[in-house]
Amino acid sequence: MPPASHAIPPQRLAGLRYARAAGVAVGLFLIAWSPFNVLRWQDGGQEALLNFQFLFFIAYGVLLALPWSRIHTERTFRLAFGILIVFSAAFAFVMVIDLMFQAVLASNTESKPAPPAFQGMLLFGALLQLPTVLFSRRPQLLG
């Protein structure tokens, strides 16, 4: 069980809450964006990749939006956090594959690919959740 948070400065706890809210927003966005992502690449082929991305984004979005503070048992938290770590690493690879797919499609149409700002923001917001979830569970590690 997490220790009393009275020893942790309130600014740090507020920062964790804001970061966690951003993670929930990214998770919900991934869930809502996954069907549109499939439509975006519909003419580019690679149906297996699109189906994988569709399911992966929904699963990862659910993981990001989980109410992590309501997981009470340590064993359940460790298992779910381990799954979050694996999915976060896989998400980074999926974003890189998405960028490579964009570059291939752009070269086929002799145009320039869009800058990867969108994928970068998603990746930053999603990967921010690993330390946020951990420090929310164990705020004494911040000190």
# chains A, B, ... in the order shown; residues from 1 in each chain; ligands from 1
$ residues_around --residues "A:Val94" --least-positions-apart "3" --cutoff "12 Å" --atoms "only C-alpha atoms" --output "list in words"
Leu49, Leu50, Phe52, Gln53, Phe54, Leu55, Phe56, Phe57, Tyr60, Phe87, Ser88, Ala89, Ala90, Phe91, Ile97, Asp98, Leu99, Met100, Phe101, Gln119, Gly120, Leu122 and Leu123 of chain A
$ select_by_dssp --residues "chain A" --states "alpha helix (DSSP H)" --output "VMD selection string"
chain A and resid 10 to 40 47 to 65 74 to 108 117 to 127 129 to 137
$ residues_around --residues "A:Ala25" --least-positions-apart "2" --cutoff "12 Å" --atoms "only C-alpha atoms" --output "list in words"
Tyr18, Ala19, Arg20, Ala21, Ala22, Gly23, Gly27, Leu28, Phe29, Leu30, Ile31, Ala32, Trp33, Gly61, Val62, Leu63, Leu64, Ala65, Leu66, Leu122, Gly125, Ala126 and Gln129 of chain A
$ write_last_selection --atoms "N, CA and C atoms" --output "compact mmCIF listing (two decimals), in the first residue's frame"
# COMPACT_ATOMS: atom_id res chain seq x y z
N TYR A 18 -1.76 15.97 -13.20
CA TYR A 18 -1.86 16.54 -14.55
C TYR A 18 -1.29 15.58 -15.59
N ALA A 19 -0.16 14.97 -15.29
CA ALA A 19 0.44 14.02 -16.22
C ALA A 19 -0.47 12.81 -16.41
N ARG A 20 -1.10 12.39 -15.36
CA ARG A 20 -2.01 11.25 -15.45
C ARG A 20 -3.24 11.60 -16.29
N ALA A 21 -3.76 12.82 -16.10
CA ALA A 21 -4.90 13.27 -16.91
C ALA A 21 -4.51 13.32 -18.39
N ALA A 22 -3.28 13.75 -18.67
CA ALA A 22 -2.81 13.76 -20.06
C ALA A 22 -2.75 12.34 -20.61
N GLY A 23 -2.34 11.39 -19.79
CA GLY A 23 -2.28 10.00 -20.22
C GLY A 23 -3.64 9.42 -20.52
N GLY A 27 -4.90 8.10 -24.11
CA GLY A 27 -5.53 6.78 -24.24
C GLY A 27 -6.88 6.86 -24.91
N LEU A 28 -7.70 7.81 -24.50
CA LEU A 28 -9.02 7.96 -25.12
C LEU A 28 -8.90 8.42 -26.56
N PHE A 29 -7.90 9.26 -26.83
CA PHE A 29 -7.67 9.69 -28.21
C PHE A 29 -7.27 8.50 -29.09
N LEU A 30 -6.39 7.63 -28.59
CA LEU A 30 -5.98 6.46 -29.37
C LEU A 30 -7.18 5.57 -29.68
N ILE A 31 -8.06 5.40 -28.70
CA ILE A 31 -9.25 4.58 -28.93
C ILE A 31 -10.12 5.21 -30.01
N ALA A 32 -10.33 6.52 -29.92
CA ALA A 32 -11.19 7.20 -30.90
C ALA A 32 -10.52 7.31 -32.26
N TRP A 33 -9.20 7.43 -32.30
CA TRP A 33 -8.46 7.64 -33.55
C TRP A 33 -8.25 6.36 -34.35
N GLY A 61 -4.79 2.13 -25.70
CA GLY A 61 -5.60 3.23 -25.19
C GLY A 61 -6.33 2.84 -23.91
N VAL A 62 -6.85 1.62 -23.88
CA VAL A 62 -7.52 1.13 -22.66
C VAL A 62 -6.51 1.04 -21.51
N LEU A 63 -5.32 0.55 -21.80
CA LEU A 63 -4.29 0.47 -20.77
C LEU A 63 -3.93 1.85 -20.22
N LEU A 64 -3.79 2.83 -21.11
CA LEU A 64 -3.45 4.18 -20.67
C LEU A 64 -4.58 4.81 -19.86
N ALA A 65 -5.81 4.47 -20.17
CA ALA A 65 -6.95 5.08 -19.49
C ALA A 65 -7.37 4.32 -18.23
N LEU A 66 -6.70 3.21 -17.93
CA LEU A 66 -7.05 2.45 -16.72
C LEU A 66 -6.97 3.33 -15.48
N LEU A 122 2.16 11.98 -29.71
CA LEU A 122 1.50 10.78 -29.17
C LEU A 122 2.49 9.92 -28.39
N GLY A 125 3.41 11.65 -25.03
CA GLY A 125 2.31 11.56 -24.06
C GLY A 125 2.12 10.15 -23.53
N ALA A 126 2.30 9.16 -24.40
CA ALA A 126 2.11 7.77 -23.98
C ALA A 126 3.26 7.30 -23.10
N GLN A 129 3.55 8.12 -19.37
CA GLN A 129 2.71 7.42 -18.40
C GLN A 129 3.47 6.37 -17.58
$ residues_around --residues "A:Val133" --least-positions-apart "4" --cutoff "9 Å" --atoms "only C-alpha atoms" --output "number ranges by chain"
A: 16, 20, 68-69, 81, 128-129, 137-138
$ atom_distance --atom1 "atom CA of A:Val38" --atom2 "atom CA of A:Leu130"
26.8 Å
$ atom_distance --atom1 "atom CA of A:Lys112" --atom2 "atom CA of A:Leu127"
27.6 Å
$ atom_distance --atom1 "atom CA of A:Phe118" --atom2 "atom CA of A:Thr132"
21.4 Å
$ decode --residues "stretch 15-37 of chain A" --atoms "C-alpha atoms" --output "compact mmCIF listing (two decimals), in the first residue's frame"
# COMPACT_ATOMS: atom_id res chain seq x y z
CA GLY A 15 2.11 17.43 -11.45
CA LEU A 16 1.46 13.71 -11.26
CA ARG A 17 -2.28 14.32 -11.48
CA TYR A 18 -1.86 16.54 -14.55
CA ALA A 19 0.44 14.02 -16.22
CA ARG A 20 -2.01 11.25 -15.45
CA ALA A 21 -4.90 13.27 -16.91
CA ALA A 22 -2.81 13.76 -20.06
CA GLY A 23 -2.28 10.00 -20.22
CA VAL A 24 -5.98 9.31 -19.96
CA ALA A 25 -6.58 11.86 -22.73
CA VAL A 26 -3.96 10.18 -24.95
CA GLY A 27 -5.53 6.78 -24.24
CA LEU A 28 -9.02 7.96 -25.12
CA PHE A 29 -7.67 9.69 -28.21
CA LEU A 30 -5.98 6.46 -29.37
CA ILE A 31 -9.25 4.58 -28.93
CA ALA A 32 -11.19 7.20 -30.90
CA TRP A 33 -8.46 7.64 -33.55
CA SER A 34 -7.94 3.97 -34.39
CA PRO A 35 -10.85 3.68 -36.89
CA PHE A 36 -9.76 6.90 -38.61
CA ASN A 37 -6.19 5.63 -38.82
